[in-house]
Amino acid sequence: MLKGIFFIFLFQLIGEVVQKLLQLTFPGPVIGLILLVIFLLVTDNTPLKLISKPFENEVVRTAEGILSYLSLLFVPIGVGVVIHISLIEDQLLQVLVLLFVGTLATIGVTAWVMQLIQKRKQGAAHDNE
Amino acid sequence: MTTSELYDIWVYLQAEPLFWLTLTIGAYLVGDWCYQKSNKFPLVNPVAISILIVSSTLFIFDIEYERYFSGAQFIHFMLGPATVALAIPIYKKWHLIVVNAKAIFVSVFVGSCFAVVSTYFIANGLGISEKVMLTMLPRSVTTPIAMGISEVIGGIPSLTAIMTITTGIIGATFGAFILDILRVNSASARGFGIGLGSHGVGTAKAMSQNAEAGVFAAVAMGLSGIVTSLIMPLFMRLIS
């Protein structure tokens with residue numbers, strides 16, 4: 001558990017440092033995520049695997065533990081939404097309409113496009129057989 | 001025990017993180033219990049229920065948000081490590097990502113552009129002020145990226161955080177319905193749409209329902225953050 005936490009914190013720390021050094025617009029934790037995926041893929045199928053394996057098992061267990069409570073982590077900042085809603089009181093209705101329509105349309109369009117491409121690819125695969 | 005002694009204990013508790021952490025976790029357990037009892041019905045959103053319980057508590061006892069947050073920030077802090085932890089499901093399902101590389105690439109561009117452009121046009125159509133419109137433009141990407149973009153384009157970052165979280169809750173709660181209506185039944189496409197449109201809150205929801213959907217939601221969240229940061233300067237030049 002402790003090794004897993006250490007490893008995850010370490011990658012976030014590296015991510016934050018990289019972000020500050022290169023002055024990137026996206027946040028440290030996302031850079032940490034990308035670096036950790038690269039690390040796991042690179043050490044896969046190489047002799048390095050022997051060294052990283054014990055760490056990997058710990059990281060996997062810890063990560064899955066944290067991720068099973070992912071929703072909980074949004075509660076503290078979410079409470080601020082309710083408290084600060086008065087900031088946009090005069091445009092509240094319009095804002096809510098935009099949030100509903102915009103969000104659901106975005107989800108719909110994105111998923112629909114993705115499914116379309118997946119189906120075309122499957123169709124093409126069938127034609128080639 | 002007298003009332004004043006009780007009051008002293010209450011004053012002491014308010015100043016300590018323990019009370020706020022217990023309240024937050026307790027509220028979440030209640031929210032999750034309702035969600036499980038409803039057979040994971042999408043409208044019963046555990047995050048929304050917990051937020052409602054905590055904010056009513058703050059409201060009833062007249063407590064400032066800043067005081068609550070100073071205690072509950074240990075939970076908030078874990079968002080960073082949790083983001084890094086998303087590397088694990090992505091790594092485990094890497095073969096699915098390679099197989100779907102083209103679909104992912106196209107969808108992330110279409111989705112990210114659509115999110116920004118639709119926000120712009122709906123805001124103008126509804127007569128929302130320019131400042132609030134700019135604040136809302138990056139709302140579909142993960143909160144820290146959204147706040148960063150908001151600052152660059154002249155929005156109000158703290159208000160962007162509010163819009164972003166609300167977007168996440170709406171997507172996580174109602175996204176499944178719109179996908180059913182559009183007959184999107186591929187788990188990967190459903191997850192990808194939810195992750196792109198409603199970032200981490202949507203990803204958490206997708207992950208709780210289907211492992212493959214969760215992975216694609218996480219990938220969409222990460223990629224859309226990057227793509228949106230890149231397209232935003234171009235879009236700003238277009239509308240100015």
# chains A, B, ... in the order shown; residues from 1 in each chain; ligands from 1
$ residues_around --residues "Gly125 in chain B" --least-positions-apart "5" --cutoff "12 Å" --atoms "only C-alpha atoms" --output "list of chain:residue names"
A:Gln94, A:Val95, A:Val97, A:Leu98, B:Ser118, B:Thr119, B:Tyr120, B:Glu130, B:Met133
$ residues_around --residues "range 191-200 of chain B" --least-positions-apart "6" --cutoff "6 Å" --atoms "only C-alpha atoms" --output "list in words"
Thr103, Thr106, Ile107, Thr110 and Ala111 of chain A; Ser140, Val141, Thr142, Thr167, Gly168, Gly171, Ala206, Ala213, Gly214, Phe216, Ala217, Ala220 and Met221 of chain B
$ closest_residue --among "A:Ser86, A:Ile34, A:Val59, A:Asn45" --to "Phe9 in chain A" --atoms "only C-alpha atoms"
A:Val59
$ closest_residue --among "B:Ile9, B:Leu29, B:Ile145, B:Val117" --to "chain A" --atoms "only C-alpha atoms"
B:Ile145
$ closest_residue --among "B:Ser158, B:Asn45, B:Ser112, B:Thr57" --to "Ala105 in chain A" --atoms "only C-alpha atoms"
B:Ser112
$ interface_residues --of "chain A" --to "chain B" --cutoff "8 Å" --atoms "only C-alpha atoms" --output "count of residues only"
59
$ closest_residue --among "B:Trp33, B:Tyr12, B:Thr160, B:Asn210" --to "Ile85 in chain A" --atoms "only C-alpha atoms"
B:Thr160
$ atom_distance --atom1 "CA of Glu212 in chain B" --atom2 "CA of Lys119 in chain A"
17.2 Å
$ select_by_dssp --residues "chain A" --states "alpha helix (DSSP H)" --output "PyMOL selection string"
chain A and resi 2-22+28-43+48-67+75-84+92-128
$ closest_residue --among "A:Met1, A:Leu48, A:Ile88, A:Leu24" --to "Ile156 in chain B" --atoms "only C-alpha atoms"
A:Ile88
$ atom_distance --atom1 "CA of Thr135 in chain B" --atom2 "CA of Ile63 in chain B"
27.2 Å
